[in-house]
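Shown below: final32.tsv, with TSV, C-alpha atoms and all ligand atoms.
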chain	number	residue	atom	x	y	z
W	55	MET	CA	162.80	43.23	92.61
W	56	ASN	CA	163.40	46.82	93.58
W	57	GLN	CA	166.24	48.33	91.61
W	58	LEU	CA	165.94	51.87	92.90
W	59	ILE	CA	168.45	51.94	95.72
W	60	ASP	CA	170.52	54.98	96.57
W	61	LYS	CA	174.13	55.09	97.68
W	62	HIS	CA	172.98	55.49	101.29
W	63	GLY	CA	171.21	52.13	101.12
W	64	ARG	CA	167.67	53.53	100.97
W	65	THR	CA	165.19	51.68	98.80
W	66	ILE	CA	162.88	53.94	96.81
W	67	ASN	CA	159.35	52.62	96.31
W	68	TYR	CA	157.25	55.76	96.41
W	69	LEU	CA	156.63	58.31	93.65
W	70	ARG	CA	154.96	61.68	94.09
W	71	MET	CA	153.78	63.00	90.80
W	72	ALA	CA	152.20	66.38	90.10
W	73	VAL	CA	149.55	66.09	87.39
W	74	THR	CA	149.25	69.85	86.85
W	75	ASP	CA	150.65	73.14	88.13
W	76	ARG	CA	147.22	74.82	87.95
W	77	CYS	CA	145.01	75.31	90.96
W	78	ASN	CA	141.57	76.64	91.88
W	79	LEU	CA	142.87	78.13	95.16
W	80	ARG	CA	145.70	80.54	95.88
W	81	CYS	CA	146.88	79.62	99.34
W	82	GLN	CA	149.10	82.34	100.75
W	83	TYR	CA	151.89	79.92	101.69
W	84	CYS	CA	151.93	78.37	98.23
W	85	MET	CA	151.30	81.04	95.61
W	86	PRO	CA	151.31	84.81	95.24
W	87	ALA	CA	147.87	86.52	94.98
W	88	THR	CA	148.30	86.98	91.23
W	89	GLY	CA	150.75	85.69	88.66
W	90	ASN	CA	152.75	82.52	89.34
W	91	ASP	CA	153.14	82.01	85.58
W	92	PHE	CA	151.48	78.70	84.92
W	93	VAL	CA	153.35	76.88	82.19
W	94	GLU	CA	152.02	76.47	78.67
W	95	ARG	CA	149.86	73.37	78.37
W	96	LYS	CA	152.24	71.61	75.99
W	97	GLN	CA	154.97	71.81	78.61
W	98	LEU	CA	152.90	69.69	81.00
W	99	LEU	CA	153.31	65.94	80.82
W	100	SER	CA	150.42	64.32	78.99
W	101	TYR	CA	148.53	61.48	80.69
W	102	LYS	CA	150.14	59.06	78.22
W	103	GLU	CA	153.58	60.28	79.26
W	104	MET	CA	152.68	60.04	82.94
W	105	TYR	CA	151.34	56.55	82.40
W	106	ARG	CA	154.54	55.47	80.70
W	107	ILE	CA	156.71	56.94	83.46
W	108	THR	CA	154.69	55.12	86.13
W	109	ARG	CA	154.83	51.85	84.20
W	110	VAL	CA	158.61	52.04	83.86
W	111	LEU	CA	159.06	53.06	87.49
W	112	SER	CA	156.75	50.31	88.72
W	113	ASP	CA	158.94	47.80	86.84
W	114	LEU	CA	161.82	49.14	88.94
W	115	GLY	CA	160.05	48.73	92.25
W	116	ILE	CA	157.75	51.72	92.74
W	117	THR	CA	154.62	50.30	94.40
W	118	LYS	CA	153.03	53.44	95.75
W	119	ILE	CA	152.10	56.64	93.98
W	120	ARG	CA	150.77	59.90	95.33
W	121	LEU	CA	149.16	62.20	92.80
W	122	THR	CA	149.27	65.86	93.60
W	123	GLY	CA	149.64	69.23	91.92
W	124	GLY	CA	148.62	72.07	91.71
W	125	GLU	CA	145.17	70.74	92.23
W	126	PRO	CA	144.87	67.32	90.57
W	127	PHE	CA	141.09	67.55	90.10
W	128	VAL	CA	141.31	70.69	87.95
W	129	ARG	CA	143.00	68.68	85.22
W	130	THR	CA	140.41	67.43	82.72
W	131	ASP	CA	139.82	63.68	82.80
W	132	PHE	CA	141.85	63.14	85.98
W	133	ILE	CA	139.41	60.45	87.05
W	134	ASN	CA	140.00	58.54	83.79
W	135	PHE	CA	143.72	58.75	84.40
W	136	LEU	CA	143.20	57.22	87.85
W	137	GLN	CA	141.26	54.41	86.25
W	138	MET	CA	144.07	53.81	83.77
W	139	LEU	CA	146.68	53.76	86.55
W	140	SER	CA	144.70	51.36	88.69
W	141	PHE	CA	145.06	48.68	85.99
W	142	ASN	CA	148.81	48.56	86.72
W	143	ASP	CA	149.10	45.42	88.87
W	144	LYS	CA	152.48	46.41	90.24
W	145	LEU	CA	151.00	49.44	91.96
W	146	GLU	CA	149.64	48.59	95.39
W	147	GLU	CA	148.42	52.04	96.37
W	148	ILE	CA	147.42	55.17	94.53
W	149	ASN	CA	146.88	58.11	96.85
W	150	ILE	CA	145.86	61.69	96.20
W	151	THR	CA	146.61	65.04	97.81
W	152	THR	CA	143.86	67.54	97.14
W	153	ASN	CA	142.36	70.78	98.39
W	154	GLY	CA	138.90	69.17	98.28
W	155	VAL	CA	137.16	71.90	96.27
W	156	LEU	CA	136.06	69.51	93.49
W	157	LEU	CA	136.72	66.23	95.27
W	158	TYR	CA	133.24	65.65	96.69
W	159	LYS	CA	131.85	65.10	93.18
W	160	TYR	CA	134.15	62.13	92.60
W	161	LEU	CA	134.24	60.40	95.98
W	162	PRO	CA	131.88	57.48	95.23
W	163	GLU	CA	133.84	56.78	92.02
W	164	LEU	CA	137.12	56.89	93.91
W	165	GLU	CA	135.80	54.43	96.47
W	166	ASN	CA	134.90	52.03	93.66
W	167	LEU	CA	138.38	52.13	92.15
W	168	GLY	CA	139.72	50.10	95.08
W	169	LYS	CA	143.37	51.07	94.77
W	170	ILE	CA	142.87	54.56	96.11
W	171	LYS	CA	143.64	54.11	99.79
W	172	HIS	CA	144.47	57.50	101.28
W	173	ILE	CA	143.18	60.95	100.52
W	174	ASN	CA	145.23	63.78	101.97
W	175	LEU	CA	142.89	66.70	102.27
W	176	SER	CA	144.44	70.11	102.85
W	177	LEU	CA	142.48	72.05	105.41
W	178	ASP	CA	144.06	74.76	107.52
W	179	THR	CA	141.03	76.13	109.34
W	180	LEU	CA	137.47	75.26	110.32
W	181	LYS	CA	136.35	78.88	109.92
W	182	ALA	CA	134.90	80.09	106.63
W	183	ASP	CA	136.25	83.65	106.89
W	184	LYS	CA	139.76	82.47	107.74
W	185	PHE	CA	139.58	79.95	104.89
W	186	ARG	CA	138.90	82.86	102.53
W	187	THR	CA	141.90	84.77	103.88
W	188	ILE	CA	144.28	81.81	103.61
W	189	THR	CA	143.14	80.51	100.20
W	190	ARG	CA	141.88	83.81	98.71
W	191	MET	CA	138.77	81.94	97.50
W	192	ASP	CA	135.26	81.56	98.88
W	193	VAL	CA	134.68	77.82	98.61
W	194	PHE	CA	134.89	76.61	102.19
W	195	ASP	CA	131.50	74.84	102.02
W	196	ARG	CA	132.60	72.66	99.13
W	197	VAL	CA	135.77	71.60	100.93
W	198	MET	CA	133.72	70.76	104.03
W	199	GLN	CA	131.39	68.69	101.85
W	200	SER	CA	134.41	66.59	100.84
W	201	PHE	CA	135.63	66.45	104.43
W	202	ASP	CA	132.24	65.30	105.76
W	203	TYR	CA	131.98	62.53	103.20
W	204	LEU	CA	135.54	61.33	103.74
W	205	LYS	CA	135.42	61.19	107.51
W	206	ASN	CA	132.65	58.59	107.19
W	207	SER	CA	134.16	56.59	104.33
W	208	ASN	CA	135.21	53.01	105.10
W	209	GLN	CA	137.18	52.65	101.90
W	210	LEU	CA	139.17	55.90	101.81
W	211	LYS	CA	141.40	56.82	104.74
W	212	LEU	CA	141.41	60.52	105.47
W	213	LYS	CA	144.55	62.42	106.37
W	214	VAL	CA	144.11	66.12	106.95
W	215	ASN	CA	147.10	68.31	106.05
W	216	PHE	CA	147.24	71.45	108.17
W	217	VAL	CA	150.01	73.95	107.38
W	218	VAL	CA	150.88	75.65	110.66
W	219	GLN	CA	150.94	79.37	109.93
W	220	SER	CA	152.28	81.59	112.62
W	221	GLY	CA	149.70	84.13	113.78
W	222	ILE	CA	147.00	82.76	111.45
W	223	ASN	CA	145.79	79.31	112.47
W	224	THR	CA	147.86	78.15	115.45
W	225	ASP	CA	144.82	78.85	117.64
W	226	GLU	CA	143.06	75.97	115.85
W	227	ILE	CA	145.66	73.24	116.42
W	228	ILE	CA	143.74	71.81	119.37
W	229	ASP	CA	140.39	72.02	117.50
W	230	PHE	CA	141.93	69.88	114.78
W	231	ILE	CA	143.20	67.31	117.27
W	232	GLU	CA	139.67	67.14	118.64
W	233	LEU	CA	138.50	66.03	115.16
W	234	THR	CA	140.31	62.76	115.85
W	235	LYS	CA	138.29	62.02	118.97
W	236	ASP	CA	135.31	60.31	117.35
W	237	LYS	CA	136.62	59.53	113.88
W	238	ALA	CA	139.55	57.38	112.82
W	239	ILE	CA	141.16	60.17	110.87
W	240	SER	CA	144.72	61.42	110.97
W	241	VAL	CA	145.60	65.11	111.24
W	242	ARG	CA	149.10	66.16	110.32
W	243	PHE	CA	150.58	69.51	111.24
W	244	ILE	CA	153.08	70.63	108.60
W	245	GLU	CA	155.86	73.13	109.21
W	246	GLU	CA	155.48	75.95	106.72
W	247	MET	CA	158.21	75.96	104.07
W	248	PRO	CA	159.42	78.83	101.87
W	249	PHE	CA	157.94	77.36	98.67
W	250	ASN	CA	155.42	80.13	98.13
W	251	GLY	CA	156.26	81.32	94.65
W	252	VAL	CA	157.47	84.72	95.83
W	253	GLY	CA	160.78	83.97	97.46
W	254	LEU	CA	161.88	83.77	101.03
W	255	LYS	CA	159.88	85.54	103.67
W	256	ASP	CA	162.01	86.23	106.68
W	257	TYR	CA	162.05	82.53	107.46
W	258	LYS	CA	162.49	82.24	111.14
W	259	GLN	CA	160.58	79.03	111.72
W	260	THR	CA	158.60	80.23	114.70
W	261	TRP	CA	156.20	77.27	114.68
W	262	ASP	CA	158.54	74.39	114.07
W	263	TYR	CA	158.18	70.79	115.21
W	264	GLU	CA	159.23	71.53	118.81
W	265	THR	CA	156.94	74.53	119.20
W	266	ILE	CA	153.95	72.65	117.82
W	267	LEU	CA	154.58	69.66	120.10
W	268	ASN	CA	155.10	71.88	123.17
W	269	HIS	CA	151.85	73.67	122.41
W	270	ILE	CA	149.98	70.36	122.18
W	271	ASN	CA	151.66	69.02	125.32
W	272	LYS	CA	150.32	71.97	127.29
W	273	HIS	CA	146.75	70.90	126.47
W	274	TYR	CA	146.92	67.16	126.94
W	275	GLN	CA	148.46	65.08	129.73
W	276	GLU	CA	148.78	61.73	127.99
W	277	ILE	CA	150.15	61.97	124.49
W	278	THR	CA	151.39	58.58	123.30
W	279	PRO	CA	154.04	58.45	120.56
W	280	LEU	CA	153.07	55.93	117.88
W	281	VAL	CA	155.44	53.59	116.11
W	282	SER	CA	155.19	54.73	112.51
W	283	LYS	CA	156.44	53.15	109.31
W	284	LYS	CA	160.17	53.80	108.88
W	285	SER	CA	159.58	56.03	105.87
W	286	SER	CA	156.75	58.02	107.45
W	287	THR	CA	156.95	61.76	106.78
W	288	SER	CA	155.29	62.54	110.10
W	289	VAL	CA	156.06	61.81	113.71
W	290	ASN	CA	152.77	60.47	115.04
W	291	PHE	CA	150.90	60.46	118.33
W	292	SER	CA	147.57	59.43	119.80
W	293	LEU	CA	145.48	60.33	122.80
W	294	PRO	CA	143.79	57.80	125.08
W	295	SER	CA	140.35	56.75	123.76
W	296	TYR	CA	140.65	58.96	120.66
W	297	LYS	CA	139.82	56.98	117.51
W	298	GLY	CA	142.22	58.85	115.24
W	299	SER	CA	145.76	60.14	115.55
W	300	PHE	CA	147.79	63.24	114.85
W	301	GLY	CA	151.28	63.85	113.59
W	302	ILE	CA	153.78	66.58	112.93
W	303	ILE	CA	155.66	66.84	109.64
W	304	PRO	CA	159.05	68.49	110.16
W	305	ALA	CA	159.08	69.52	106.52
W	306	PHE	CA	161.40	72.47	107.00
W	307	THR	CA	163.61	71.22	109.83
W	308	ARG	CA	164.07	68.01	107.85
W	309	THR	CA	164.67	65.48	110.60
W	310	ILE	CA	163.02	62.66	108.64
W	311	CYS	CA	165.33	62.43	105.64
W	312	HIS	CA	167.36	59.40	106.78
W	313	ASP	CA	164.47	57.05	105.95
W	314	CYS	CA	163.28	58.79	102.79
W	315	ASN	CA	161.81	56.40	100.21
W	316	ARG	CA	160.49	59.03	97.79
W	317	ILE	CA	161.19	60.56	94.41
W	318	ARG	CA	159.16	63.23	92.66
W	319	ILE	CA	158.16	64.14	89.14
W	320	THR	CA	156.89	67.67	88.62
W	321	SER	CA	154.03	68.54	86.28
W	322	THR	CA	156.53	69.49	83.56
W	323	GLY	CA	158.34	66.20	83.95
W	324	ASN	CA	161.30	67.29	86.06
W	325	PHE	CA	162.71	64.42	88.07
W	326	LYS	CA	163.50	65.34	91.66
W	327	ASN	CA	165.45	63.16	94.07
W	328	CYS	CA	164.49	65.50	96.93
W	329	LEU	CA	161.92	68.21	97.58
W	330	PHE	CA	164.79	70.65	98.11
W	331	ASP	CA	166.81	69.92	94.96
W	332	GLU	CA	166.38	71.87	91.73
W	333	GLY	CA	165.36	68.94	89.58
W	334	VAL	CA	167.89	66.50	88.23
W	335	PHE	CA	166.75	65.96	84.64
W	336	SER	CA	163.73	66.38	82.41
W	337	VAL	CA	162.05	63.00	81.92
W	338	ARG	CA	159.68	64.73	79.51
W	339	ASP	CA	162.49	65.78	77.16
W	340	PHE	CA	163.86	62.22	77.07
W	341	LEU	CA	160.39	60.84	76.34
W	342	ARG	CA	159.78	63.36	73.58
W	343	LYS	CA	163.13	62.48	71.99
W	344	GLY	CA	162.04	58.84	71.78
W	345	VAL	CA	163.99	57.24	74.64
W	346	SER	CA	163.52	53.46	74.97
W	347	ASP	CA	162.11	51.91	78.16
W	348	ASN	CA	165.46	50.27	78.86
W	349	ASP	CA	167.40	53.52	78.55
W	350	LEU	CA	164.82	55.25	80.73
W	351	LYS	CA	165.20	52.55	83.37
W	352	GLU	CA	168.96	52.94	83.36
W	353	LEU	CA	168.59	56.69	83.74
W	354	PHE	CA	166.27	56.30	86.74
W	355	ILE	CA	168.55	53.74	88.42
W	356	LYS	CA	171.66	55.92	87.98
W	357	THR	CA	169.91	59.09	89.11
W	358	VAL	CA	168.32	57.57	92.19
W	359	HIS	CA	171.72	56.20	93.18
W	360	GLN	CA	172.88	59.82	93.56
W	361	LYS	CA	169.99	60.81	95.87
W	362	PRO	CA	171.37	63.31	98.41
W	363	ALA	CA	171.53	62.14	102.02
W	364	ASN	CA	169.12	64.83	103.18
W	365	GLY	CA	167.30	68.02	102.26
W	366	PHE	CA	170.09	70.28	103.51
W	367	ILE	CA	172.64	68.67	101.20
W	368	ALA	CA	170.11	68.86	98.34
W	369	GLU	CA	169.58	72.55	99.06
W	370	GLN	CA	173.34	73.23	99.10
W	371	SER	CA	173.71	71.64	95.68
W	372	ARG	CA	171.30	74.11	94.08
W	373	ALA	CA	172.73	76.62	91.60
W	374	ASN	CA	169.94	79.00	92.60
W	375	LYS	CA	170.02	79.17	96.39
W	376	ASN	CA	166.75	81.07	96.66
W	377	ILE	CA	164.12	78.38	97.22
W	378	SER	CA	161.21	80.40	95.94
W	379	GLU	CA	159.32	78.12	93.58
W	380	SER	CA	155.70	77.42	94.41
W	381	MET	CA	154.71	74.06	95.92
W	382	SER	CA	152.11	73.93	93.13
W	383	ASN	CA	154.92	73.68	90.59
W	384	ILE	CA	156.97	71.21	92.59
W	385	GLY	CA	154.07	68.99	93.61
W	386	GLY	CA	153.71	68.91	97.36
S	1	LIG	N1	146.38	71.39	95.79
S	1	LIG	C1	146.54	70.21	96.55
S	1	LIG	C2	146.43	70.50	98.04
S	1	LIG	O1	146.49	71.66	98.44
S	1	LIG	O2	146.29	69.55	98.78
S	1	LIG	C3	147.81	69.45	96.27
S	1	LIG	C4	149.07	70.26	96.05
S	1	LIG	S1	149.65	71.12	97.49
S	1	LIG	C5	151.08	71.91	96.82
S	1	LIG	C6	150.24	69.78	98.46
S	1	LIG	C7	150.46	70.07	99.92
S	1	LIG	O3	151.50	71.01	100.05
S	1	LIG	C8	149.25	70.67	100.63
S	1	LIG	O4	148.91	69.91	101.76
S	1	LIG	C9	149.71	72.04	101.03
S	1	LIG	O5	149.11	72.45	102.21
S	1	LIG	C10	151.20	71.85	101.15
S	1	LIG	N2	151.96	73.09	100.99
S	1	LIG	C11	151.89	73.99	99.99
S	1	LIG	N3	152.74	75.02	100.20
S	1	LIG	C12	153.37	74.75	101.36
S	1	LIG	C13	154.37	75.45	102.11
S	1	LIG	N4	154.85	76.59	101.72
S	1	LIG	N5	154.78	74.87	103.27
S	1	LIG	C14	154.26	73.69	103.70
S	1	LIG	N6	153.33	73.00	103.02
S	1	LIG	C15	152.88	73.53	101.88
S	2	LIG	FE1	146.54	75.19	95.39
S	2	LIG	FE2	147.31	73.24	97.02
S	2	LIG	FE3	148.89	75.37	96.56
S	2	LIG	FE4	146.68	75.71	97.97
S	2	LIG	S1	148.42	74.42	98.53
S	2	LIG	S2	147.37	77.02	96.25
S	2	LIG	S3	145.33	74.30	97.05
S	2	LIG	S4	148.31	73.85	95.09
Exercise: express the given structure as structure tokens:
Amino acid sequence: MNQLIDKHGRTINYLRMAVTDRCNLRCQYCMPATGNDFVERKQLLSYKEMYRITRVLSDLGITKIRLTGGEPFVRTDFINFLQMLSFNDKLEEINITTNGVLLYKYLPELENLGKIKHINLSLDTLKADKFRTITRMDVFDRVMQSFDYLKNSNQLKLKVNFVVQSGINTDEIIDFIELTKDKAISVRFIEEMPFNGVGLKDYKQTWDYETILNHINKHYQEITPLVSKKSSTSVNFSLPSYKGSFGIIPAFTRTICHDCNRIRITSTGNFKNCLFDEGVFSVRDFLRKGVSDNDLKELFIKTVHQKPANGFIAEQSRANKNISESMSNIGG
């Protein structure tokens, strides 16, 4: 039975866990061009520690895990870790968010694991030169290799994450919707957030949920809203006769918090009740001090109970008001 219920009555069954803070890209909206101070290796959770955390949380009702980073596939032996996790019978789904640079090498293995259901592939442009500008790396072909494989996979469902960047890729929003015409893939447009490792830009959200939807409405006559799962992070739509769907993630305007079912663990083992909080406690430190499973369970239950109602309240509770950490540290 699920024991992770917050004081607002929300049941938590979904964990996002960052397996590393390192990455092989340097997307402009996520990291500065240089620096970003990756943590020392010993500060990262080990796979054993991550396995233990997931086992304890799955005893409390977590059935779904998304592994992210940094870039999960840059961590050595990530695929073995996935194998280990997939033996946990209480986990129904293990999903991955990845930039796709190394992914193509592992796709057949991932298909065989069975429990990997969704791959969220981050792709913000279909143009090689723009890809280089956004990610500061020249590996577009490799990402497209992953994309081409995934769009034809029967086992792995592809969701494309597109961060809407004012003045950079908004001209491609319609091209991305057109990707859903012949393939049953889902494209999700994400509002850009200030988690870029360098501090707040002047964050007027020029391309927020409304602007994105208005832009799409100008191009298509018959957009149908889809009924999504209560806890969905995106508001979803389809077009007549299109095989796939598209959605908008109001990540920054935070209109989806009332049905949140998620908690996060960062790559250094910080427990987060909300993307916008500062981290509630270090699971890693408790593990390394020899905490028992029962005490750990109690800690999780008590902490989840205090989950803030929404991202604005979480942000207000921060000692450091400047939300400048990189998404690669938080685990997007
Ligand atoms: N490296 C992997 C990737 O890019 O998919 C996983 C980690 S990345 C931090 C997870 C997701 O966060 C990606 O889809 C990325 O586009 C998104 N993201 C990163 N920084 C963001 C920001 N400032 N605003 C909105 N989304 C962001
Ligand atoms: Fe790396 Fe993902 Fe951040 Fe891009 S968004 S720099 S791929 S962690």
TODO: Grab me every residue within 7 Å of ligand LIG 1 (chain S), counting all atoms listed in the file, and send it over as number ranges by chain.
DONE: W: 77, 83-84, 122-126, 151-153, 174-176, 215-217, 244-250, 305, 380-382, 385-386
Could you produce a table of the residues of segment 70-148 of chain W lying within 12 Å of segment 192-196 of chain W, with the nearest pair of atoms per residue and their separation in Å rounded to one decimal, using only C-alpha atoms, ordered by chain and increasing residue number, as a Markdown table?
| residue | atom | partner | partner_atom | distance |
| --- | --- | --- | --- | --- |
| W:Asn78 | CA | W:Val193 | CA | 9.7 |
| W:Leu79 | CA | W:Val193 | CA | 8.9 |
| W:Arg80 | CA | W:Asp192 | CA | 10.9 |
| W:Cys81 | CA | W:Asp192 | CA | 11.8 |
Centre, edges in Å (one decimal): axis-aligned box, segment 297-313 of chain W, 3 Å padding on all six sides, as lines of an AutoDock Vina configuration file:
center_x = 153.6
center_y = 64.7
center_z = 111.6
size_x = 33.5
size_y = 21.5
size_z = 17.9
Task: Within 9 Å of segment 112-116 of chain W using only C-alpha atoms, minus same-chain residues under 4 positions, as an NGL selection string - done: :W and (55-58 or 65-69 or 107-108 or 142 or 144-145 or 351 or 354-355)
TODO: Enter the distance from atom CA of Lys284 of chain W to atom CA of Lys211 of chain W, in Å, rounded to one decimal.
DONE: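 Straight-line distance from atom CA of Lys284 of chain W to atom CA of Lys211 of chain W works out to 19.5 Å.
Reported to one decimal place, the separation of atom CA of Ile317 of chain W from atom CA of Ala238 of chain W is 28.6 Å.
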Open item on the list: Between atom CA of Gly365 of chain W and atom CA of Phe330 of chain W, what distance in Å does the model show, to one decimal?
Closed with: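 Atom CA of Gly365 of chain W sits 5.5 Å away from atom CA of Phe330 of chain W.
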TODO: Kindly provide, as a list in words, the polymer residues lying within 8 Å of (162.3, 55.5, 80.8), counting only C-alpha atoms and using the coordinates exactly as they appear in the file.
DONE: Arg106, Ile107, Val110, Leu111, Val337, Phe340, Leu341, Val345, Ser346, Asp347, Asn348, Asp349, Leu350, Lys351, Glu352, Leu353 and Phe354 of chain W
Task: Within 9 Å of segment 201-208 of chain W using all atoms listed in the file, minus same-chain residues under 2 positions, as an MDAnalysis selection string - done: chainID W and resid 154 158 161 165 173 175 177 196:199 210:212 214 237:239
Open item on the list: Counting only C-alpha atoms and all ligand atoms, which residue out of W:Met191, W:Glu94, W:Arg120, W:Asn134 sits closest to ligand LIG 2 (chain S)?
Closed with: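 Closest to ligand LIG 2 (chain S) of all the choices is W:Met191.
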TODO: Find, counting all atoms listed in the file, the residue in W:Thr187, W:Ser220, W:Thr130, W:Thr74 that gets nearest to Val93 of chain W.
DONE: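 Ranking W:Thr187, W:Ser220, W:Thr130, W:Thr74 by distance to Val93 of chain W, first place goes to W:Thr74.
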Task: Radius query 7 Å about (141.1, 71.8, 111.1), atoms used: all atoms listed in the file, as a list of chain:residue names - done: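 Residues lying no farther than 7 Å from the given point: W:Leu177, W:Asp178, W:Thr179, W:Leu180, W:Phe216, W:Glu226, W:Asp229, W:Phe230.
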Open item on the list: My list of candidates is W:Lys213, W:Lys102, W:His172, W:Arg76. Which is closest to ligand LIG 2 (chain S) when distances are computed with all atoms listed in the file?
Closed with: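 Closest residue, counting all atoms listed in the file: W:Arg76.
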Open item on the list: So that I can check the surroundings of Asp236 of chain W, please list as a PyMOL selection string every protein, DNA and RNA residue that reaches within 8 Å of it, counting all atoms listed in the file and ignoring chain neighbours fewer than 6 positions away.
Closed with: chain W and resi 296-298
Task: Nearest candidate to ligand LIG 2 (chain S) (options W:Lys356, W:Arg186, W:Lys118, W:Lys343; using only C-alpha atoms and all ligand atoms) - done: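 Checking each candidate against ligand LIG 2 (chain S), we get W:Arg186 as the closest.
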Task: Nearest candidate to ligand LIG 2 (chain S) (options W:Thr88, W:Thr189, W:Gln97, W:Gln137; using all atoms listed in the file) - done: W:Thr189
Open item on the list: Please list as a PyMOL selection string every residue within 10 Å of Leu293 of chain W, counting only C-alpha atoms and excluding residues in the same chain fewer than 6 positions away.
Closed with: chain W and resi 231-232+234-235+274-279+299-300
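The smallest atom-to-atom distance between ligand LIG 2 (chain S) and any of W:Ser371, W:Ser321, W:Gln82, W:Ser140, using only C-alpha atoms and all ligand atoms, is found for W:Gln82.
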